[in-house]
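work_33.txt (compact mmCIF, C-alpha atoms)
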# COMPACT_ATOMS: atom_id res chain seq x y z
CA MET M 1 115.14 54.25 91.71
CA LYS M 2 115.97 52.07 94.71
CA LEU M 3 118.22 53.21 97.55
CA THR M 4 119.21 51.67 100.89
CA LEU M 5 119.10 53.69 104.12
CA GLY M 6 121.04 52.60 107.21
CA THR M 7 119.33 53.41 110.53
CA ALA M 8 120.21 51.93 113.96
CA THR M 9 119.03 49.32 116.47
CA PRO M 10 115.27 48.76 116.90
CA GLY M 11 113.46 50.94 119.42
CA GLY M 12 115.59 54.05 118.97
CA GLY M 13 114.98 57.37 117.29
CA PHE M 14 116.65 56.59 113.97
CA PRO M 15 114.35 53.72 112.88
CA ALA M 16 111.30 55.81 113.83
CA TYR M 17 112.64 58.75 111.85
CA ALA M 18 113.41 56.58 108.81
CA GLU M 19 109.89 55.16 108.86
CA ALA M 20 108.40 58.67 108.81
CA VAL M 21 110.68 59.90 106.04
CA ILE M 22 110.12 56.86 103.81
CA ALA M 23 106.33 57.06 104.22
CA ALA M 24 106.30 60.80 103.45
CA ILE M 25 108.47 60.37 100.36
CA ARG M 26 106.32 57.49 99.15
CA GLU M 27 103.34 59.86 99.15
CA ILE M 28 104.94 62.37 96.82
CA ASP M 29 107.24 60.14 94.71
CA PRO M 30 106.22 56.44 94.72
CA THR M 31 108.95 55.61 92.18
CA LEU M 32 111.70 56.58 94.65
CA GLN M 33 112.01 53.43 96.76
CA ILE M 34 114.07 53.71 99.94
CA GLU M 35 114.71 50.51 101.89
CA PRO M 36 115.58 50.91 105.59
CA ARG M 37 118.20 48.66 107.15
CA ASN M 38 118.79 48.27 110.87
CA THR M 39 122.44 48.69 111.84
CA LYS M 40 124.36 49.15 115.08
CA GLY M 41 123.99 52.90 114.63
CA SER M 42 126.02 55.91 113.58
CA THR M 43 129.46 54.50 114.27
CA GLU M 44 128.73 51.56 111.97
CA ASN M 45 126.89 53.64 109.38
CA VAL M 46 129.93 55.75 108.52
CA PRO M 47 132.18 52.83 107.45
CA LEU M 48 129.23 51.17 105.69
CA LEU M 49 128.82 54.32 103.61
CA GLU M 50 132.55 54.60 102.99
CA ASN M 51 132.57 51.01 101.72
CA ASP M 52 129.52 51.58 99.48
CA ALA M 53 127.54 49.03 101.51
CA LEU M 54 124.71 51.58 101.92
CA ASP M 55 123.50 54.37 99.67
CA LEU M 56 122.30 56.59 102.50
CA ALA M 57 122.53 56.44 106.29
CA LEU M 58 121.50 58.38 109.38
CA VAL M 59 124.49 59.74 111.29
CA GLN M 60 124.36 61.47 114.66
CA GLY M 61 126.03 64.86 114.93
CA GLU M 62 129.17 64.04 116.89
CA VAL M 63 129.94 61.02 114.71
CA ALA M 64 129.43 63.13 111.59
CA TYR M 65 131.65 65.85 113.03
CA GLU M 66 134.51 63.45 113.77
CA ALA M 67 134.21 61.75 110.37
CA LEU M 68 134.07 64.96 108.31
CA GLN M 69 136.72 66.78 110.35
CA GLY M 70 139.04 63.79 110.46
CA VAL M 71 139.21 63.47 114.24
CA GLY M 72 141.50 60.51 114.93
CA ARG M 73 141.32 59.48 111.27
CA ALA M 74 141.51 60.87 107.74
CA PRO M 75 138.55 63.11 106.78
CA SER M 76 135.73 60.99 105.38
CA PRO M 77 134.55 61.42 101.78
CA ILE M 78 130.89 60.83 102.74
CA ARG M 79 128.65 63.84 102.18
CA ILE M 80 125.54 65.48 103.70
CA VAL M 81 122.18 64.97 102.01
CA ALA M 82 119.92 66.55 104.63
CA ALA M 83 119.85 67.89 108.17
CA MET M 84 117.60 65.59 110.20
CA TYR M 85 117.01 67.30 113.55
CA SER M 86 118.90 68.86 116.41
CA THR M 87 119.79 66.63 119.35
CA PRO M 88 120.08 68.26 122.78
CA GLY M 89 121.51 65.66 125.16
CA MET M 90 119.79 64.89 128.48
CA PHE M 91 119.45 62.29 131.20
CA VAL M 92 116.00 61.05 132.24
CA VAL M 93 115.19 59.57 135.67
CA ARG M 94 111.97 58.42 137.30
CA ALA M 95 110.10 61.26 138.98
CA ASP M 96 110.64 59.61 142.38
CA SER M 97 114.42 59.47 141.90
CA PRO M 98 116.44 61.43 144.45
CA ALA M 99 118.82 62.52 141.66
CA ARG M 100 118.53 66.19 140.70
CA THR M 101 121.92 66.88 139.12
CA ILE M 102 124.51 65.03 137.07
CA ASP M 103 126.73 64.83 140.17
CA ASP M 104 123.90 62.95 141.90
CA LEU M 105 124.25 60.22 139.25
CA ARG M 106 127.98 59.67 139.82
CA GLY M 107 128.76 56.12 140.83
CA LYS M 108 125.28 54.96 139.78
CA PRO M 109 124.39 52.61 136.91
CA VAL M 110 123.46 54.75 133.89
CA ALA M 111 122.34 53.48 130.48
CA PHE M 112 124.21 55.54 127.87
CA GLY M 113 122.54 53.90 124.86
CA ALA M 114 123.38 51.29 122.26
CA ARG M 115 127.10 50.73 121.76
CA GLY M 116 127.10 51.92 118.16
CA SER M 117 124.90 54.94 118.78
CA GLY M 118 126.16 58.45 118.27
CA LEU M 119 124.34 59.40 121.47
CA VAL M 120 127.09 57.58 123.38
CA LEU M 121 129.66 59.85 121.74
CA LEU M 122 127.56 62.92 122.57
CA ALA M 123 127.53 61.79 126.22
CA ARG M 124 131.33 61.49 126.19
CA TYR M 125 131.75 65.04 124.87
CA VAL M 126 129.22 66.54 127.31
CA LEU M 127 130.68 64.74 130.32
CA ASP M 128 134.26 65.48 129.25
CA GLY M 129 133.41 69.18 129.30
CA LEU M 130 132.45 68.69 132.95
CA GLY M 131 135.63 66.74 133.75
CA LEU M 132 133.73 63.45 133.90
CA ASP M 133 134.03 60.11 132.11
CA PRO M 134 131.22 57.53 131.62
CA GLU M 135 133.36 54.55 132.64
CA ARG M 136 135.34 56.18 135.42
CA ASP M 137 132.61 58.21 137.10
CA PHE M 138 129.49 56.12 136.46
CA GLN M 139 128.56 52.47 136.19
CA ALA M 140 128.19 52.74 132.43
CA VAL M 141 125.65 50.40 130.83
CA TYR M 142 125.59 49.94 127.04
CA LEU M 143 122.56 48.41 125.37
CA ASP M 144 122.17 45.85 122.62
CA ARG M 145 118.93 47.55 121.58
CA ALA M 146 118.12 51.21 122.18
CA GLY M 147 114.56 50.23 123.06
CA ASP M 148 115.70 48.31 126.16
CA GLY M 149 116.62 51.45 128.14
CA PRO M 150 113.24 52.70 129.39
CA ALA M 151 112.32 49.40 131.10
CA MET M 152 115.69 49.43 132.87
CA VAL M 153 114.89 52.86 134.32
CA GLN M 154 111.41 51.76 135.37
CA ASP M 155 112.52 48.61 137.20
CA GLY M 156 115.55 50.24 138.81
CA ARG M 157 118.30 48.38 136.98
CA VAL M 158 119.71 51.79 136.04
CA ALA M 159 119.35 55.14 137.78
CA ALA M 160 119.10 57.10 134.53
CA LEU M 161 118.96 56.85 130.77
CA TRP M 162 120.94 59.17 128.49
CA GLY M 163 119.42 60.28 125.21
CA GLY M 164 118.67 63.31 123.09
CA GLY M 165 116.31 65.24 120.90
CA VAL M 166 112.65 66.13 120.62
CA GLY M 167 110.30 63.17 120.46
CA TRP M 168 113.03 60.65 121.28
CA PRO M 169 111.25 57.30 121.89
CA GLY M 170 113.22 56.44 125.04
CA PHE M 171 112.32 59.71 126.74
CA THR M 172 108.69 59.41 125.68
CA ALA M 173 108.48 55.89 127.12
CA VAL M 174 109.93 56.85 130.51
CA ALA M 175 107.91 60.08 130.78
CA SER M 176 104.68 58.30 129.81
CA ALA M 177 105.04 55.54 132.41
CA PRO M 178 103.09 55.69 135.69
CA GLY M 179 104.74 58.13 138.08
CA GLY M 180 106.32 60.20 135.31
CA ALA M 181 109.89 61.33 134.84
CA ARG M 182 112.34 64.18 135.38
CA PHE M 183 115.10 65.36 133.07
CA ILE M 184 118.63 66.23 134.16
CA VAL M 185 121.00 68.50 132.21
CA PRO M 186 124.13 70.49 133.08
CA ASP M 187 123.51 73.75 134.95
CA ALA M 188 124.30 77.12 133.33
CA ASP M 189 127.91 77.07 134.49
CA GLY M 190 128.31 73.50 133.26
CA LEU M 191 126.90 74.37 129.83
CA GLN M 192 129.44 77.19 129.52
CA ARG M 193 132.32 74.92 130.51
CA ILE M 194 131.28 72.25 128.01
CA GLN M 195 130.94 74.70 125.14
CA ALA M 196 134.27 76.33 125.95
CA ARG M 197 135.96 72.95 125.63
CA HIS M 198 133.91 71.58 122.70
CA THR M 199 132.89 74.58 120.61
CA PHE M 200 131.09 72.52 117.94
CA LEU M 201 128.36 71.70 120.46
CA LYS M 202 125.54 74.23 120.19
CA PRO M 203 123.01 75.54 122.74
CA LEU M 204 119.68 73.84 122.03
CA THR M 205 116.27 74.05 123.69
CA VAL M 206 113.68 71.34 124.31
CA PRO M 207 110.40 73.30 124.30
CA ALA M 208 108.01 72.98 127.24
CA GLY M 209 105.47 70.22 126.73
CA THR M 210 107.72 68.20 124.45
CA TYR M 211 107.42 65.22 126.81
CA PRO M 212 104.61 64.26 129.20
CA GLY M 213 104.87 66.23 132.43
CA GLN M 214 107.59 68.56 131.12
CA ALA M 215 106.23 71.95 132.18
CA ALA M 216 109.26 74.13 131.40
CA PRO M 217 111.72 74.39 128.50
CA ILE M 218 115.04 72.61 128.98
CA GLN M 219 118.36 74.14 127.92
CA SER M 220 121.14 71.78 126.88
CA LEU M 221 123.85 71.27 124.27
CA GLY M 222 124.01 69.09 121.20
CA SER M 223 124.33 69.07 117.45
CA TRP M 224 122.50 68.29 114.20
CA SER M 225 122.17 64.74 112.93
CA PHE M 226 122.33 64.19 109.18
CA ILE M 227 121.20 61.94 106.38
CA MET M 228 124.49 61.18 104.65
CA ALA M 229 125.45 59.58 101.34
CA ARG M 230 128.15 57.20 100.17
CA PRO M 231 130.93 58.96 98.24
CA ALA M 232 129.96 57.44 94.88
CA LEU M 233 126.23 58.23 95.05
CA SER M 234 125.42 59.92 91.73
CA ASP M 235 124.55 63.60 91.56
CA GLU M 236 121.26 62.61 89.91
CA ALA M 237 120.29 60.34 92.82
CA ALA M 238 121.25 62.93 95.45
CA TYR M 239 119.35 65.67 93.59
CA ARG M 240 116.28 63.47 93.41
CA VAL M 241 116.42 62.62 97.13
CA ALA M 242 116.85 66.32 98.02
CA THR M 243 113.87 67.22 95.84
CA ALA M 244 111.71 64.50 97.40
CA LEU M 245 112.68 65.49 100.95
CA HIS M 246 111.82 69.11 100.26
CA ARG M 247 108.43 68.24 98.80
CA ALA M 248 107.80 65.83 101.70
CA GLU M 249 108.61 68.30 104.50
CA ALA M 250 105.01 68.68 105.66
CA GLY M 251 104.45 64.91 105.57
CA ILE M 252 107.56 64.22 107.64
CA ALA M 253 106.57 66.85 110.22
CA ARG M 254 103.06 65.40 110.42
CA ARG M 255 104.39 61.94 111.21
CA LEU M 256 107.13 62.79 113.70
CA ALA M 257 107.57 65.72 116.09
CA GLN M 258 111.26 66.27 115.37
CA GLY M 259 110.60 65.80 111.66
CA LYS M 260 109.56 69.45 111.41
CA GLU M 261 113.27 70.29 111.55
CA THR M 262 113.99 68.30 108.37
CA THR M 263 113.93 71.18 105.92
CA ALA M 264 116.04 72.30 102.99
CA ALA M 265 116.69 75.58 104.82
CA ASN M 266 118.04 73.76 107.88
CA THR M 267 120.27 71.61 105.67
CA ALA M 268 121.87 74.71 104.18
CA ALA M 269 122.26 76.29 107.63
CA ALA M 270 123.41 73.25 109.63
CA ALA M 271 126.15 71.96 107.32
CA PRO M 272 129.54 72.99 108.74
CA ARG M 273 130.68 73.99 105.24
CA ALA M 274 128.83 74.02 101.91
CA GLU M 275 131.40 71.74 100.29
CA LEU M 276 130.47 68.98 102.76
CA ILE M 277 127.00 68.83 101.17
CA HIS M 278 126.68 66.34 98.31
CA PRO M 279 127.09 68.16 94.94
CA GLY M 280 123.66 66.97 93.75
CA VAL M 281 122.06 68.40 96.89
CA ARG M 282 124.08 71.61 96.59
CA ARG M 283 122.67 72.09 93.10
CA TYR M 284 119.11 71.74 94.41
CA LEU M 285 119.69 74.08 97.37
CA THR M 286 121.25 76.63 95.02
CA GLU M 287 118.17 76.46 92.78
CA LEU M 288 116.05 77.18 95.86
CA GLY M 289 118.19 80.22 96.62
CA LEU M 290 119.46 78.73 99.91
CA LEU M 291 123.07 78.50 98.75
CA THR M 292 125.07 80.76 96.46
CA ARG M 293 127.08 79.33 93.60
Would you write out, as structure tokens, the structure that this file holds?
Amino acid sequence: MKLTLGTATPGGGFPAYAEAVIAAIREIDPTLQIEPRNTKGSTENVPLLENDALDLALVQGEVAYEALQGVGRAPSPIRIVAAMYSTPGMFVVRADSPARTIDDLRGKPVAFGARGSGLVLLARYVLDGLGLDPERDFQAVYLDRAGDGPAMVQDGRVAALWGGGVGWPGFTAVASAPGGARFIVPDADGLQRIQARHTFLKPLTVPAGTYPGQAAPIQSLGSWSFIMARPALSDEAAYRVATALHRAEAGIARRLAQGKETTAANTAAAAPRAELIHPGVRRYLTELGLLTR
């Protein structure tokens, strides 16, 4: 069986995740061939799935939320195959930056990610909860390639880079550079204000030691990203992918830090509603005892 998997622009978290997943699945089921395809990111992946141009695609949490809930559009018929990982949003600056808070970044050039990335949408929700807007309150910079952001922080073209998650390549690159890095998130009051306005965003923690020089855990807000399927993907194909992902859990975790969150149990727990999970995947999760009939 051959399936296509839409990812995002080179240098970002989605291509790295896809590489780990495909390699882990190849170990346990060589006859299930998944071909990755670079795209502009989550906001392009949803219509590509809807138009049957991809079999599977990686979709960031806020984009998935808007598509499935029908925010500004009709609810999408695409369905969840697996929970990927949780994505707490954060800014990263050089360690020698004078910026300590989000307010300190106002009016400064900030790289919010690739234009098609769901991380850009996450930034809009987080900042909106604080009464801020990327274009109005910052010099918003949008990237052609997600991998371009870290160098822009290092050479001073931008004051900060927005991103999210555990093991995100952009954060790793900035934190690993000479001089190190510092992360900026909303304070406790800000987190409460954001969640009061956007209740689908969940409190998430980046454990201490996740990134070089990060001595303490970081509390932020975010959501779960998903592997999603085109509406017409057969139940047989979805069941087979769910089975392979479950059997490959240890292999995915071994290859990628955030991959340890890609589990059948997290898929059952993270889906907003069971009916939004592909029927073939629901059947597999029910057999595991993670969903009831």
### Task
Rounded to one decimal place, report the atom CA of Thr9 of chain M-atom CA of Ala270 of chain M distance in Å.
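Pair atom CA of Thr9 of chain M / atom CA of Ala270 of chain M returns 25.3 Å.
Proximity ranking of M:Ile194, M:Met90, M:Ala238, M:Ala253 relative to Gly165 of chain M places M:Met90 first, based on all atoms listed in the file.
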#### Entry: Test item: residues at most 10 Å from Gln214 of chain M, all atoms listed in the file, excluding those fewer than 3 positions along its chain, as a list of chain:residue names
M:Ala175, M:Gly180, M:Ala181, M:Arg182, M:Phe183, M:Val206, M:Pro207, M:Ala208, M:Gly209, M:Thr210, M:Tyr211, M:Pro217, M:Ile218
Put those residues in a file: C-alpha atoms, as a tab-separated table (two decimals), in the coordinates of the input.
chain	number	residue	atom	x	y	z
M	175	ALA	CA	107.91	60.08	130.78
M	180	GLY	CA	106.32	60.20	135.31
M	181	ALA	CA	109.89	61.33	134.84
M	182	ARG	CA	112.34	64.18	135.38
M	183	PHE	CA	115.10	65.36	133.07
M	206	VAL	CA	113.68	71.34	124.31
M	207	PRO	CA	110.40	73.30	124.30
M	208	ALA	CA	108.01	72.98	127.24
M	209	GLY	CA	105.47	70.22	126.73
M	210	THR	CA	107.72	68.20	124.45
M	211	TYR	CA	107.42	65.22	126.81
M	217	PRO	CA	111.72	74.39	128.50
M	218	ILE	CA	115.04	72.61	128.98
Determine, for each residue of segment 47-107 of chain M having at least one atom at most 8 Å from an atom of segment 136-146 of chain M, the closest pair of atoms and their separation in Å to one decimal, counting only C-alpha atoms; order by chain and ascending number, as a Markdown table.
| residue | atom | partner | partner_atom | distance |
| --- | --- | --- | --- | --- |
| M:Leu105 | CA | M:Phe138 | CA | 7.2 |
| M:Arg106 | CA | M:Phe138 | CA | 5.1 |
| M:Gly107 | CA | M:Phe138 | CA | 4.4 |
### Query
Counting all atoms listed in the file, which of M:Ala237, M:Met152, M:Val92, M:Ala269 gets nearest to Val185 of chain M?
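Residue with the minimum atom-to-atom distance to Val185 of chain M: M:Val92.
Among the candidate residues M:Gln60, M:Thr267, M:Thr205, M:Thr4, the one lying nearest to Leu48 of chain M is M:Thr4, with distances computed using only C-alpha atoms.
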### Query
Which of these, M:Met84, M:Leu54, M:Leu132, M:Val110, has the shortest distance to Leu161 of chain M once you count only C-alpha atoms?
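Once distances to Leu161 of chain M are computed over only C-alpha atoms, the minimum belongs to M:Val110.
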### Task
Might you pull out every residue within 6 Å of segment 22-24 of chain M, with all atoms listed in the file counted and same-chain residues fewer than 5 positions away left off, and present them as a PyMOL selection string?
chain M and resi 248+251-252
### Task
Would you work out the distance separating atom CA of Glu35 of chain M from atom CA of Ile227 of chain M, expressed in Å to one decimal?
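Calculated distance between atom CA of Glu35 of chain M and atom CA of Ile227 of chain M is 13.9 Å.
Our summary of the geometry notes that atom CA of Pro47 of chain M is positioned 11.9 Å from atom CA of Gly116 of chain M.
For the residues M:Arg157, M:Leu130, M:Arg240, M:Leu276, ranking by smallest atom-to-atom distance to Ala196 of chain M using all atoms listed in the file places M:Leu130 first.
The nearest approach to Leu245 of chain M among the residues M:Ala264, M:Ala74, M:Ala257, M:Leu191, with only C-alpha atoms taken into account, belongs to M:Ala264.
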### Task
Name the residues in contact with Trp168 of chain M at a cut-off of 12 Å, using only C-alpha atoms, excluding same-chain residues fewer than 2 positions from it; report them as a ChimeraX atom specification.
/M:11-17,85-92,119,146-147,150,161-166,170-175,206,210-211,256-259
### Task
Fewer than 2 positions away in the same chain doesn't count, so skip those; otherwise give me all residues within 7 Å of Met228 of chain M, counting only C-alpha atoms, as a ChimeraX atom specification.
/M:56-59,78-81,226
### Task
Determine, counting all atoms listed in the file, which protein, DNA and RNA residues have an atom within 7 Å of an atom of Pro203 of chain M; residues of the same chain fewer than 2 positions away are not included. Present the result as number ranges by chain.
M: 201, 205, 220-222
